[in-house]
Amino acid sequence: MTGTLAARTTDVGRRLFGHNRQARPKLWTELALVVVGYSLYTITRDAVPGQKAVAMRRAASVLRTEHSLHIDIELTVNHALDKITPLIVGLNYYYATLHFFITIGVLIWLYVRHPQAYRSARTVLFLVILSSLIGFYFFAMAPPRLLTGHGFIDTNVEHHTWGSFASPTMQSVSNQYAAMPSDHIAWAGWCAVMIYKYAGHRWIRVAGLIYPLFTFTAIIGTANHFVADAVGGALTLAAEFAIHHLAARLWQRRTGQAALPPPRAQHDGDRHRHQGTLGEQRGAGDPEPAVEQRDG
């Protein structure tokens, strides 16, 4: 029994941090992970907590803190963008839908074109989602649009956006106080990192870097998040990248993968030792050269 558990643990570790990152994981397994992960995300995020009073107090406190730091740009951006009706309506729909489709699109692109990077990228994204859910559940906070007496415009209501999170139907099923951290920023940052690392064309990489800035404009302009929420999303993403990197290093030390020489080099003669070692370093089994591969 103990041996079976250890074998399963080793297999999980190999899938997350193992040396065979070039192999593409099974499609149905990945689809099941996505369905289960998003279902948990939806159930947890959309569970309506009875924390309205606490969430409103936290939002007011965040706004006061930002004002003292002179970074409370939310009201200015909100009113400025609301004057351009086509722009603000587009941002409303973007906030509700597009960020999700772009994230899924990047996942599919990595799975098809960069299987050597897919597992690590997917794991980081799942850790980000898990961390966000913990934040939503234990640190409920209202978005700016729900703060009365501060002049914020709820752009979804103002422009009658279909599927508005502020509509009576959506309010009954959606957690209105899931603002901290901003998963929009965390997901957009994850997409930007993946696109910048693996896209081949420079203009695509530049677009990937601009994408989080556009997302930031959307979440502030629609009064769905504070600047502090965006900072929280960025810090969450950075923390999960760091945790995954540390876990991968610890796994390599535990399994001794980094200390073992390439198998072929153990049997090569002195004359071919360096050539064999170089060949192994460039093989498909080694993740480092593959990680640097770009499209294009």
# chains A, B, ... in the order shown; residues from 1 in each chain; ligands from 1
$ residues_around --residues "segment 85-101 of chain A" --least-positions-apart "6" --cutoff "12 Å" --atoms "only C-alpha atoms" --output "PyMOL selection string"
chain A and resi 38+77-79+107-108+153-166+170+182-191+211-212+214-225
$ write_last_selection --atoms "C-alpha atoms" --output "CSV table (one decimal), in the first residue's frame"
chain,number,residue,atom,x,y,z
A,38,TYR,CA,-13.6,26.0,-13.7
A,77,VAL,CA,-11.0,57.0,-15.2
A,78,ASN,CA,-14.5,55.8,-14.7
A,79,HIS,CA,-16.1,59.1,-15.6
A,107,LEU,CA,-3.8,27.4,-22.9
A,108,ILE,CA,-4.8,25.6,-26.2
A,153,ILE,CA,-20.9,55.0,-12.4
A,154,ASP,CA,-22.0,51.4,-12.7
A,155,THR,CA,-21.4,51.3,-16.5
A,156,ASN,CA,-23.1,48.0,-16.9
A,157,VAL,CA,-26.4,49.4,-15.5
A,158,GLU,CA,-25.9,52.8,-17.1
A,159,HIS,CA,-25.6,51.3,-20.6
A,160,HIS,CA,-27.9,48.3,-20.2
A,161,THR,CA,-25.2,45.8,-20.9
A,162,TRP,CA,-26.5,42.3,-21.6
A,163,GLY,CA,-25.5,39.9,-18.8
A,164,SER,CA,-24.6,42.7,-16.4
A,165,PHE,CA,-23.3,41.5,-13.1
A,166,ALA,CA,-25.4,44.2,-11.5
A,170,MET,CA,-27.0,38.0,-12.0
A,182,SER,CA,-8.4,40.8,-9.4
A,183,ASP,CA,-8.4,37.5,-11.3
A,184,HIS,CA,-8.7,39.5,-14.5
A,185,ILE,CA,-5.2,41.0,-13.9
A,186,ALA,CA,-3.7,37.7,-12.7
A,187,TRP,CA,-5.0,35.9,-15.8
A,188,ALA,CA,-3.9,38.7,-18.1
A,189,GLY,CA,-0.5,38.7,-16.6
A,190,TRP,CA,-0.2,34.9,-17.0
A,191,CYS,CA,-1.1,35.3,-20.7
A,211,TYR,CA,-2.8,43.1,-22.9
A,212,PRO,CA,-2.6,43.4,-19.0
A,214,PHE,CA,-5.7,47.1,-21.5
A,215,THR,CA,-7.3,44.8,-18.9
A,216,PHE,CA,-6.3,47.2,-16.1
A,217,THR,CA,-8.0,50.0,-18.0
A,218,ALA,CA,-11.2,47.9,-18.4
A,219,ILE,CA,-11.5,46.9,-14.7
A,220,ILE,CA,-10.9,50.4,-13.5
A,221,GLY,CA,-13.0,52.1,-16.1
A,222,THR,CA,-16.0,49.9,-15.5
A,223,ALA,CA,-15.7,50.5,-11.7
A,224,ASN,CA,-15.4,46.8,-11.1
A,225,HIS,CA,-12.0,46.9,-9.2
$ select_by_dssp --residues "segment 125-212 of chain A" --states "helix (DSSP H, G or I)" --output "compact mmCIF listing (two decimals) with all heavy atoms, in the first residue's frame"
# COMPACT_ATOMS: atom_id res chain seq x y z
N LEU A 125 -1.35 28.53 -13.54
CA LEU A 125 -2.68 29.12 -13.69
C LEU A 125 -3.67 28.54 -12.69
O LEU A 125 -4.46 29.28 -12.09
CB LEU A 125 -3.18 28.89 -15.12
CG LEU A 125 -4.56 29.50 -15.45
CD1 LEU A 125 -4.54 31.01 -15.28
CD2 LEU A 125 -4.98 29.14 -16.87
N PHE A 126 -3.62 27.24 -12.47
CA PHE A 126 -4.52 26.62 -11.51
C PHE A 126 -4.22 27.10 -10.09
O PHE A 126 -5.13 27.29 -9.28
CB PHE A 126 -4.41 25.09 -11.58
CG PHE A 126 -5.30 24.48 -12.63
CD1 PHE A 126 -5.50 25.12 -13.85
CD2 PHE A 126 -5.93 23.27 -12.41
CE1 PHE A 126 -6.31 24.57 -14.82
CE2 PHE A 126 -6.75 22.71 -13.38
CZ PHE A 126 -6.94 23.36 -14.59
N LEU A 127 -2.95 27.29 -9.77
CA LEU A 127 -2.59 27.82 -8.45
C LEU A 127 -3.10 29.24 -8.27
O LEU A 127 -3.54 29.63 -7.18
CB LEU A 127 -1.07 27.78 -8.27
CG LEU A 127 -0.43 26.40 -8.12
CD1 LEU A 127 1.09 26.52 -8.10
CD2 LEU A 127 -0.92 25.71 -6.85
N VAL A 128 -3.05 30.03 -9.34
CA VAL A 128 -3.58 31.40 -9.30
C VAL A 128 -5.08 31.37 -9.01
O VAL A 128 -5.59 32.14 -8.18
CB VAL A 128 -3.29 32.13 -10.62
CG1 VAL A 128 -4.11 33.42 -10.72
CG2 VAL A 128 -1.81 32.46 -10.74
N ILE A 129 -5.80 30.50 -9.71
CA ILE A 129 -7.26 30.40 -9.51
C ILE A 129 -7.57 29.99 -8.08
O ILE A 129 -8.46 30.56 -7.43
CB ILE A 129 -7.86 29.42 -10.52
CG1 ILE A 129 -7.75 29.98 -11.94
CG2 ILE A 129 -9.31 29.11 -10.18
CD1 ILE A 129 -8.19 29.01 -13.02
N LEU A 130 -6.84 29.02 -7.56
CA LEU A 130 -7.06 28.56 -6.19
C LEU A 130 -6.82 29.69 -5.19
O LEU A 130 -7.61 29.91 -4.28
CB LEU A 130 -6.14 27.37 -5.88
CG LEU A 130 -6.22 26.81 -4.45
CD1 LEU A 130 -7.63 26.30 -4.16
CD2 LEU A 130 -5.19 25.70 -4.26
N SER A 131 -5.74 30.43 -5.39
CA SER A 131 -5.43 31.55 -4.49
C SER A 131 -6.51 32.63 -4.55
O SER A 131 -6.88 33.21 -3.53
CB SER A 131 -4.07 32.15 -4.85
OG SER A 131 -3.04 31.21 -4.69
N SER A 132 -7.01 32.89 -5.75
CA SER A 132 -8.06 33.89 -5.90
C SER A 132 -9.33 33.47 -5.15
O SER A 132 -9.97 34.29 -4.48
CB SER A 132 -8.39 34.10 -7.38
OG SER A 132 -7.29 34.64 -8.08
N LEU A 133 -9.67 32.20 -5.24
CA LEU A 133 -10.87 31.71 -4.56
C LEU A 133 -10.73 31.86 -3.05
O LEU A 133 -11.69 32.19 -2.36
CB LEU A 133 -11.13 30.26 -4.93
CG LEU A 133 -11.50 30.00 -6.40
CD1 LEU A 133 -11.72 28.51 -6.63
CD2 LEU A 133 -12.73 30.79 -6.79
N ILE A 134 -9.54 31.61 -2.54
CA ILE A 134 -9.30 31.79 -1.10
C ILE A 134 -9.49 33.25 -0.72
O ILE A 134 -10.09 33.58 0.30
CB ILE A 134 -7.89 31.29 -0.73
CG1 ILE A 134 -7.80 29.78 -0.93
CG2 ILE A 134 -7.55 31.67 0.71
CD1 ILE A 134 -6.40 29.22 -0.75
N GLY A 135 -8.98 34.15 -1.57
CA GLY A 135 -9.15 35.57 -1.31
C GLY A 135 -10.60 35.99 -1.34
O GLY A 135 -11.06 36.76 -0.48
N PHE A 136 -11.36 35.49 -2.33
CA PHE A 136 -12.77 35.84 -2.44
C PHE A 136 -13.54 35.39 -1.20
O PHE A 136 -14.42 36.11 -0.71
CB PHE A 136 -13.40 35.19 -3.68
CG PHE A 136 -12.79 35.64 -4.98
CD1 PHE A 136 -12.89 34.83 -6.11
CD2 PHE A 136 -12.12 36.85 -5.09
CE1 PHE A 136 -12.34 35.23 -7.32
CE2 PHE A 136 -11.56 37.25 -6.28
CZ PHE A 136 -11.67 36.45 -7.40
N TYR A 137 -13.20 34.20 -0.72
CA TYR A 137 -13.97 33.61 0.37
C TYR A 137 -13.65 34.26 1.72
O TYR A 137 -14.55 34.51 2.52
CB TYR A 137 -13.72 32.11 0.44
CG TYR A 137 -14.67 31.38 1.36
CD1 TYR A 137 -15.92 31.00 0.91
CD2 TYR A 137 -14.31 31.09 2.67
CE1 TYR A 137 -16.81 30.33 1.75
CE2 TYR A 137 -15.18 30.43 3.52
CZ TYR A 137 -16.42 30.05 3.05
OH TYR A 137 -17.30 29.40 3.89
N PHE A 138 -12.37 34.53 1.96
CA PHE A 138 -11.96 35.01 3.28
C PHE A 138 -11.76 36.53 3.33
O PHE A 138 -11.57 37.08 4.41
CB PHE A 138 -10.67 34.32 3.72
CG PHE A 138 -10.85 32.87 4.04
CD1 PHE A 138 -10.47 31.89 3.15
CD2 PHE A 138 -11.44 32.47 5.24
CE1 PHE A 138 -10.63 30.55 3.44
CE2 PHE A 138 -11.61 31.13 5.54
CZ PHE A 138 -11.21 30.16 4.64
N PRO A 144 -15.84 49.19 -6.57
CA PRO A 144 -16.19 50.61 -6.48
C PRO A 144 -17.62 50.93 -6.89
O PRO A 144 -18.26 51.81 -6.32
CB PRO A 144 -15.18 51.27 -7.43
CG PRO A 144 -14.04 50.33 -7.50
CD PRO A 144 -14.62 48.96 -7.35
N ARG A 145 -18.15 50.23 -7.91
CA ARG A 145 -19.48 50.53 -8.42
C ARG A 145 -20.58 50.34 -7.39
O ARG A 145 -21.68 50.90 -7.52
CB ARG A 145 -19.79 49.66 -9.65
CG ARG A 145 -19.78 48.18 -9.40
CD ARG A 145 -20.05 47.37 -10.67
NE ARG A 145 -19.89 45.95 -10.46
CZ ARG A 145 -20.82 45.17 -9.93
NH1 ARG A 145 -21.99 45.71 -9.54
NH2 ARG A 145 -20.61 43.88 -9.77
N LEU A 146 -20.30 49.59 -6.33
CA LEU A 146 -21.31 49.37 -5.29
C LEU A 146 -21.20 50.37 -4.14
O LEU A 146 -22.07 50.38 -3.26
CB LEU A 146 -21.21 47.94 -4.74
CG LEU A 146 -21.56 46.81 -5.71
CD1 LEU A 146 -21.50 45.47 -5.01
CD2 LEU A 146 -22.93 47.02 -6.33
N THR A 155 -21.23 51.18 -15.01
CA THR A 155 -21.36 51.30 -16.46
C THR A 155 -22.22 50.20 -17.07
O THR A 155 -22.83 50.40 -18.11
CB THR A 155 -19.97 51.30 -17.12
OG1 THR A 155 -19.29 50.09 -16.79
CG2 THR A 155 -19.15 52.49 -16.65
N ASN A 156 -22.28 49.04 -16.45
CA ASN A 156 -23.15 47.97 -16.94
C ASN A 156 -24.61 48.38 -16.85
O ASN A 156 -25.38 48.19 -17.80
CB ASN A 156 -22.93 46.69 -16.14
CG ASN A 156 -21.70 45.93 -16.58
OD1 ASN A 156 -21.60 45.52 -17.72
ND2 ASN A 156 -20.76 45.77 -15.67
N VAL A 157 -24.99 48.95 -15.72
CA VAL A 157 -26.37 49.39 -15.53
C VAL A 157 -26.66 50.62 -16.38
O VAL A 157 -27.72 50.73 -17.02
CB VAL A 157 -26.63 49.68 -14.04
CG1 VAL A 157 -28.02 50.29 -13.85
CG2 VAL A 157 -26.50 48.43 -13.21
N GLU A 158 -25.72 51.54 -16.40
CA GLU A 158 -25.91 52.79 -17.13
C GLU A 158 -26.16 52.55 -18.62
O GLU A 158 -26.99 53.24 -19.24
CB GLU A 158 -24.66 53.66 -16.96
CG GLU A 158 -24.74 55.03 -17.62
CD GLU A 158 -25.63 55.99 -16.85
OE1 GLU A 158 -25.96 55.70 -15.68
OE2 GLU A 158 -25.99 57.03 -17.44
N PRO A 168 -30.57 42.24 -11.65
CA PRO A 168 -31.17 41.43 -10.57
C PRO A 168 -30.93 39.94 -10.74
O PRO A 168 -30.70 39.23 -9.76
CB PRO A 168 -32.67 41.78 -10.69
CG PRO A 168 -32.70 43.14 -11.31
CD PRO A 168 -31.53 43.18 -12.25
N THR A 169 -30.97 39.44 -11.99
CA THR A 169 -30.75 38.02 -12.22
C THR A 169 -29.33 37.61 -11.82
O THR A 169 -29.13 36.60 -11.13
CB THR A 169 -30.99 37.67 -13.69
OG1 THR A 169 -32.32 38.04 -14.04
CG2 THR A 169 -30.79 36.18 -13.93
N MET A 170 -28.34 38.37 -12.25
CA MET A 170 -26.95 38.04 -11.95
C MET A 170 -26.64 38.23 -10.48
O MET A 170 -25.84 37.50 -9.90
CB MET A 170 -26.02 38.88 -12.81
CG MET A 170 -26.06 38.55 -14.29
SD MET A 170 -25.61 36.84 -14.63
CE MET A 170 -23.88 36.86 -14.19
N GLN A 171 -27.27 39.21 -9.85
CA GLN A 171 -27.01 39.43 -8.42
C GLN A 171 -27.44 38.23 -7.59
O GLN A 171 -26.89 37.98 -6.51
CB GLN A 171 -27.75 40.68 -7.95
CG GLN A 171 -27.10 41.98 -8.39
CD GLN A 171 -27.83 43.19 -7.86
OE1 GLN A 171 -28.85 43.08 -7.18
NE2 GLN A 171 -27.32 44.36 -8.17
N SER A 172 -28.44 37.48 -8.07
CA SER A 172 -28.94 36.35 -7.31
C SER A 172 -28.02 35.14 -7.38
O SER A 172 -28.14 34.22 -6.57
CB SER A 172 -30.35 35.96 -7.81
OG SER A 172 -30.28 35.51 -9.15
N VAL A 173 -27.12 35.10 -8.39
CA VAL A 173 -26.27 33.92 -8.54
C VAL A 173 -24.78 34.25 -8.49
O VAL A 173 -23.95 33.36 -8.42
CB VAL A 173 -26.56 33.21 -9.88
CG1 VAL A 173 -27.99 32.72 -9.91
CG2 VAL A 173 -26.29 34.13 -11.08
N ASP A 183 -8.78 38.66 -10.48
CA ASP A 183 -8.35 37.53 -11.30
C ASP A 183 -8.18 37.94 -12.76
O ASP A 183 -7.44 37.31 -13.51
CB ASP A 183 -9.32 36.36 -11.18
CG ASP A 183 -10.77 36.75 -11.45
OD1 ASP A 183 -11.02 37.91 -11.80
OD2 ASP A 183 -11.65 35.89 -11.30
N HIS A 184 -8.85 39.03 -13.17
CA HIS A 184 -8.65 39.54 -14.52
C HIS A 184 -7.18 39.91 -14.75
O HIS A 184 -6.59 39.59 -15.78
CB HIS A 184 -9.52 40.78 -14.78
CG HIS A 184 -10.96 40.47 -15.04
ND1 HIS A 184 -11.79 39.97 -14.08
CD2 HIS A 184 -11.71 40.60 -16.18
CE1 HIS A 184 -13.01 39.81 -14.59
NE2 HIS A 184 -12.98 40.17 -15.86
N ILE A 185 -6.60 40.59 -13.77
CA ILE A 185 -5.20 41.01 -13.88
C ILE A 185 -4.27 39.81 -13.77
O ILE A 185 -3.28 39.69 -14.51
CB ILE A 185 -4.86 42.05 -12.80
CG1 ILE A 185 -5.59 43.36 -13.08
CG2 ILE A 185 -3.35 42.28 -12.72
CD1 ILE A 185 -5.19 44.04 -14.39
N ALA A 186 -4.57 38.89 -12.86
CA ALA A 186 -3.72 37.70 -12.70
C ALA A 186 -3.73 36.87 -13.98
O ALA A 186 -2.67 36.43 -14.45
CB ALA A 186 -4.21 36.88 -11.51
N TRP A 187 -4.90 36.66 -14.56
CA TRP A 187 -4.98 35.86 -15.78
C TRP A 187 -4.30 36.59 -16.95
O TRP A 187 -3.61 35.96 -17.76
CB TRP A 187 -6.43 35.58 -16.13
CG TRP A 187 -7.15 34.68 -15.18
CD1 TRP A 187 -6.72 34.28 -13.94
CD2 TRP A 187 -8.43 34.08 -15.36
NE1 TRP A 187 -7.65 33.47 -13.34
CE2 TRP A 187 -8.72 33.33 -14.18
CE3 TRP A 187 -9.37 34.11 -16.38
CZ2 TRP A 187 -9.90 32.61 -14.03
CZ3 TRP A 187 -10.55 33.39 -16.23
CH2 TRP A 187 -10.81 32.65 -15.05
N ALA A 188 -4.54 37.90 -17.05
CA ALA A 188 -3.92 38.66 -18.14
C ALA A 188 -2.40 38.66 -18.01
O ALA A 188 -1.68 38.56 -19.01
CB ALA A 188 -4.44 40.10 -18.14
N GLY A 189 -1.89 38.76 -16.78
CA GLY A 189 -0.45 38.70 -16.57
C GLY A 189 0.12 37.35 -16.95
O GLY A 189 1.21 37.26 -17.54
N TRP A 190 -0.61 36.29 -16.61
CA TRP A 190 -0.18 34.94 -16.99
C TRP A 190 -0.11 34.82 -18.51
O TRP A 190 0.86 34.29 -19.06
CB TRP A 190 -1.14 33.92 -16.41
CG TRP A 190 -0.87 32.50 -16.79
CD1 TRP A 190 -0.04 31.63 -16.16
CD2 TRP A 190 -1.42 31.79 -17.91
NE1 TRP A 190 -0.04 30.41 -16.81
CE2 TRP A 190 -0.87 30.49 -17.89
CE3 TRP A 190 -2.32 32.13 -18.92
CZ2 TRP A 190 -1.20 29.53 -18.85
CZ3 TRP A 190 -2.65 31.18 -19.87
CH2 TRP A 190 -2.10 29.90 -19.83
N CYS A 191 -1.14 35.30 -19.20
CA CYS A 191 -1.14 35.26 -20.66
C CYS A 191 0.03 36.05 -21.22
O CYS A 191 0.69 35.61 -22.19
CB CYS A 191 -2.45 35.84 -21.21
SG CYS A 191 -3.91 34.82 -20.92
N ALA A 192 0.31 37.20 -20.64
CA ALA A 192 1.41 38.04 -21.14
C ALA A 192 2.75 37.34 -21.02
O ALA A 192 3.57 37.38 -21.95
CB ALA A 192 1.44 39.36 -20.36
N VAL A 193 2.99 36.67 -19.89
CA VAL A 193 4.24 35.94 -19.70
C VAL A 193 4.39 34.83 -20.72
O VAL A 193 5.45 34.65 -21.34
CB VAL A 193 4.32 35.38 -18.26
CG1 VAL A 193 5.53 34.45 -18.12
CG2 VAL A 193 4.41 36.51 -17.25
N MET A 194 3.31 34.05 -20.92
CA MET A 194 3.37 32.94 -21.86
C MET A 194 3.58 33.42 -23.29
O MET A 194 4.38 32.86 -24.04
CB MET A 194 2.08 32.11 -21.77
CG MET A 194 1.85 31.45 -20.42
SD MET A 194 3.22 30.37 -19.94
CE MET A 194 3.75 31.14 -18.42
N ILE A 195 2.86 34.46 -23.69
CA ILE A 195 2.98 34.98 -25.05
C ILE A 195 4.37 35.56 -25.28
O ILE A 195 5.00 35.32 -26.31
CB ILE A 195 1.89 36.04 -25.31
CG1 ILE A 195 0.51 35.38 -25.34
CG2 ILE A 195 2.15 36.77 -26.63
CD1 ILE A 195 -0.65 36.37 -25.39
N TYR A 196 4.89 36.29 -24.30
CA TYR A 196 6.20 36.90 -24.46
C TYR A 196 7.30 35.84 -24.56
O TYR A 196 8.25 35.98 -25.33
CB TYR A 196 6.50 37.84 -23.30
CG TYR A 196 7.82 38.56 -23.45
CD1 TYR A 196 7.92 39.68 -24.28
CD2 TYR A 196 8.96 38.12 -22.79
CE1 TYR A 196 9.12 40.34 -24.44
CE2 TYR A 196 10.17 38.77 -22.95
CZ TYR A 196 10.24 39.89 -23.78
OH TYR A 196 11.44 40.53 -23.94
N LYS A 197 7.17 34.76 -23.81
CA LYS A 197 8.21 33.73 -23.79
C LYS A 197 8.20 32.86 -25.05
O LYS A 197 9.26 32.44 -25.52
CB LYS A 197 8.05 32.83 -22.55
CG LYS A 197 8.44 33.49 -21.25
CD LYS A 197 8.39 32.50 -20.10
CE LYS A 197 9.47 31.44 -20.24
NZ LYS A 197 9.51 30.54 -19.06
N TYR A 198 7.01 32.61 -25.60
CA TYR A 198 6.92 31.57 -26.63
C TYR A 198 6.44 32.04 -27.99
O TYR A 198 6.54 31.28 -28.95
CB TYR A 198 6.03 30.43 -26.13
CG TYR A 198 6.53 29.83 -24.85
CD1 TYR A 198 5.85 29.99 -23.65
CD2 TYR A 198 7.74 29.14 -24.82
CE1 TYR A 198 6.33 29.47 -22.47
CE2 TYR A 198 8.23 28.61 -23.64
CZ TYR A 198 7.53 28.77 -22.47
OH TYR A 198 8.01 28.26 -21.29
N ARG A 202 7.54 39.48 -33.13
CA ARG A 202 7.73 40.56 -32.15
C ARG A 202 6.43 41.28 -31.84
O ARG A 202 6.15 41.63 -30.69
CB ARG A 202 8.79 41.54 -32.65
CG ARG A 202 9.05 42.69 -31.68
CD ARG A 202 10.17 43.58 -32.19
NE ARG A 202 11.42 42.87 -32.29
CZ ARG A 202 12.55 43.42 -32.73
NH1 ARG A 202 12.56 44.69 -33.13
NH2 ARG A 202 13.65 42.71 -32.78
N TRP A 203 5.62 41.52 -32.87
CA TRP A 203 4.39 42.28 -32.64
C TRP A 203 3.41 41.51 -31.76
O TRP A 203 2.66 42.12 -30.98
CB TRP A 203 3.74 42.65 -33.97
CG TRP A 203 3.14 41.51 -34.75
CD1 TRP A 203 3.75 40.74 -35.70
CD2 TRP A 203 1.81 41.01 -34.62
NE1 TRP A 203 2.88 39.79 -36.17
CE2 TRP A 203 1.68 39.93 -35.53
CE3 TRP A 203 0.70 41.36 -33.84
CZ2 TRP A 203 0.51 39.21 -35.68
CZ3 TRP A 203 -0.48 40.63 -33.98
CH2 TRP A 203 -0.57 39.58 -34.90
N ILE A 204 3.43 40.18 -31.85
CA ILE A 204 2.57 39.38 -30.97
C ILE A 204 3.07 39.48 -29.53
O ILE A 204 2.28 39.59 -28.59
CB ILE A 204 2.53 37.92 -31.43
CG1 ILE A 204 1.91 37.81 -32.82
CG2 ILE A 204 1.74 37.06 -30.44
CD1 ILE A 204 1.86 36.40 -33.36
N ARG A 205 4.38 39.45 -29.37
CA ARG A 205 4.94 39.57 -28.01
C ARG A 205 4.63 40.94 -27.42
O ARG A 205 4.30 41.05 -26.23
CB ARG A 205 6.44 39.34 -28.07
CG ARG A 205 6.81 37.91 -28.51
CD ARG A 205 8.28 37.80 -28.85
NE ARG A 205 9.12 38.06 -27.70
CZ ARG A 205 10.42 38.30 -27.77
NH1 ARG A 205 11.02 38.31 -28.95
NH2 ARG A 205 11.11 38.51 -26.68
N VAL A 206 4.71 41.98 -28.22
CA VAL A 206 4.38 43.33 -27.74
C VAL A 206 2.90 43.40 -27.37
O VAL A 206 2.53 43.97 -26.33
CB VAL A 206 4.73 44.38 -28.81
CG1 VAL A 206 4.19 45.76 -28.40
CG2 VAL A 206 6.23 44.45 -29.03
N ALA A 207 2.04 42.82 -28.22
CA ALA A 207 0.61 42.79 -27.91
C ALA A 207 0.34 42.05 -26.60
O ALA A 207 -0.53 42.45 -25.82
CB ALA A 207 -0.17 42.13 -29.06
N GLY A 208 1.10 40.97 -26.37
CA GLY A 208 0.95 40.24 -25.12
C GLY A 208 1.29 41.09 -23.91
O GLY A 208 0.62 41.00 -22.87
N LEU A 209 2.29 41.92 -24.03
CA LEU A 209 2.68 42.80 -22.92
C LEU A 209 1.66 43.92 -22.70
O LEU A 209 1.46 44.38 -21.57
CB LEU A 209 4.06 43.39 -23.18
CG LEU A 209 5.23 42.40 -23.19
CD1 LEU A 209 6.54 43.14 -23.50
CD2 LEU A 209 5.34 41.68 -21.85
N ILE A 210 1.02 44.37 -23.79
CA ILE A 210 0.02 45.44 -23.68
C ILE A 210 -1.29 44.92 -23.10
O ILE A 210 -2.03 45.66 -22.44
CB ILE A 210 -0.21 46.08 -25.06
CG1 ILE A 210 1.05 46.81 -25.52
CG2 ILE A 210 -1.40 47.05 -25.03
CD1 ILE A 210 0.94 47.37 -26.93
N TYR A 211 -1.55 43.65 -23.30
CA TYR A 211 -2.82 43.06 -22.88
C TYR A 211 -3.17 43.31 -21.41
O TYR A 211 -4.30 43.72 -21.09
CB TYR A 211 -2.80 41.57 -23.22
CG TYR A 211 -3.97 40.78 -22.71
CD1 TYR A 211 -5.28 41.19 -22.97
CD2 TYR A 211 -3.78 39.61 -21.99
CE1 TYR A 211 -6.36 40.45 -22.50
CE2 TYR A 211 -4.85 38.86 -21.53
CZ TYR A 211 -6.14 39.29 -21.78
OH TYR A 211 -7.20 38.57 -21.32
N PRO A 212 -2.25 43.12 -20.44
CA PRO A 212 -2.61 43.43 -19.04
C PRO A 212 -2.92 44.91 -18.82
O PRO A 212 -3.75 45.23 -17.97
CB PRO A 212 -1.35 43.00 -18.27
CG PRO A 212 -0.67 42.01 -19.14
CD PRO A 212 -0.92 42.49 -20.54
$ closest_residue --among "A:Phe152, A:Gln252, A:Leu147, A:Pro25" --to "Gln176 of chain A" --atoms "only C-alpha atoms"
A:Leu147
$ residues_around --residues "segment 119-124 of chain A" --least-positions-apart "4" --cutoff "7 Å" --atoms "only C-alpha atoms" --output "ChimeraX atom specification"
/A:16,128,240-241,244
$ closest_residue --among "A:Ala228, A:Ala140, A:Ala239, A:Leu110" --to "Ala55 of chain A" --atoms "only C-alpha atoms"
A:Ala140
$ atom_distance --atom1 "atom CA of Arg58 of chain A" --atom2 "atom CA of Val231 of chain A"
15.8 Å
$ residues_around --residues "segment 67-71 of chain A" --least-positions-apart "5" --cutoff "10 Å" --atoms "only C-alpha atoms" --output "PyMOL selection string"
chain A and resi 61-62+226-228
$ write_last_selection --atoms "all heavy atoms" --output "compact mmCIF listing (two decimals), in the first residue's frame"
# COMPACT_ATOMS: atom_id res chain seq x y z
N SER A 61 -12.49 51.49 3.13
CA SER A 61 -11.16 51.60 3.73
C SER A 61 -10.07 51.60 2.66
O SER A 61 -9.11 52.38 2.74
CB SER A 61 -10.95 50.45 4.71
OG SER A 61 -9.64 50.49 5.26
N VAL A 62 -10.22 50.74 1.65
CA VAL A 62 -9.24 50.70 0.56
C VAL A 62 -9.22 52.03 -0.19
O VAL A 62 -8.15 52.55 -0.53
CB VAL A 62 -9.56 49.54 -0.41
CG1 VAL A 62 -8.81 49.69 -1.73
CG2 VAL A 62 -9.21 48.21 0.24
N PHE A 226 -10.67 48.17 -7.71
CA PHE A 226 -9.76 49.23 -7.28
C PHE A 226 -8.36 48.95 -7.81
O PHE A 226 -8.05 47.83 -8.24
CB PHE A 226 -9.70 49.30 -5.75
CG PHE A 226 -10.98 49.72 -5.09
CD1 PHE A 226 -11.81 48.79 -4.51
CD2 PHE A 226 -11.33 51.06 -5.05
CE1 PHE A 226 -12.99 49.17 -3.89
CE2 PHE A 226 -12.51 51.46 -4.43
CZ PHE A 226 -13.34 50.51 -3.85
N VAL A 227 -7.51 49.97 -7.75
CA VAL A 227 -6.09 49.76 -8.08
C VAL A 227 -5.50 48.70 -7.18
O VAL A 227 -4.70 47.86 -7.60
CB VAL A 227 -5.31 51.08 -7.96
CG1 VAL A 227 -3.82 50.85 -8.10
CG2 VAL A 227 -5.79 52.10 -9.00
N ALA A 228 -5.91 48.70 -5.90
CA ALA A 228 -5.40 47.71 -4.95
C ALA A 228 -5.74 46.29 -5.37
O ALA A 228 -4.94 45.36 -5.16
CB ALA A 228 -5.96 47.99 -3.56
$ atom_distance --atom1 "atom CA of Glu74 of chain A" --atom2 "atom CA of Ala230 of chain A"
11.6 Å
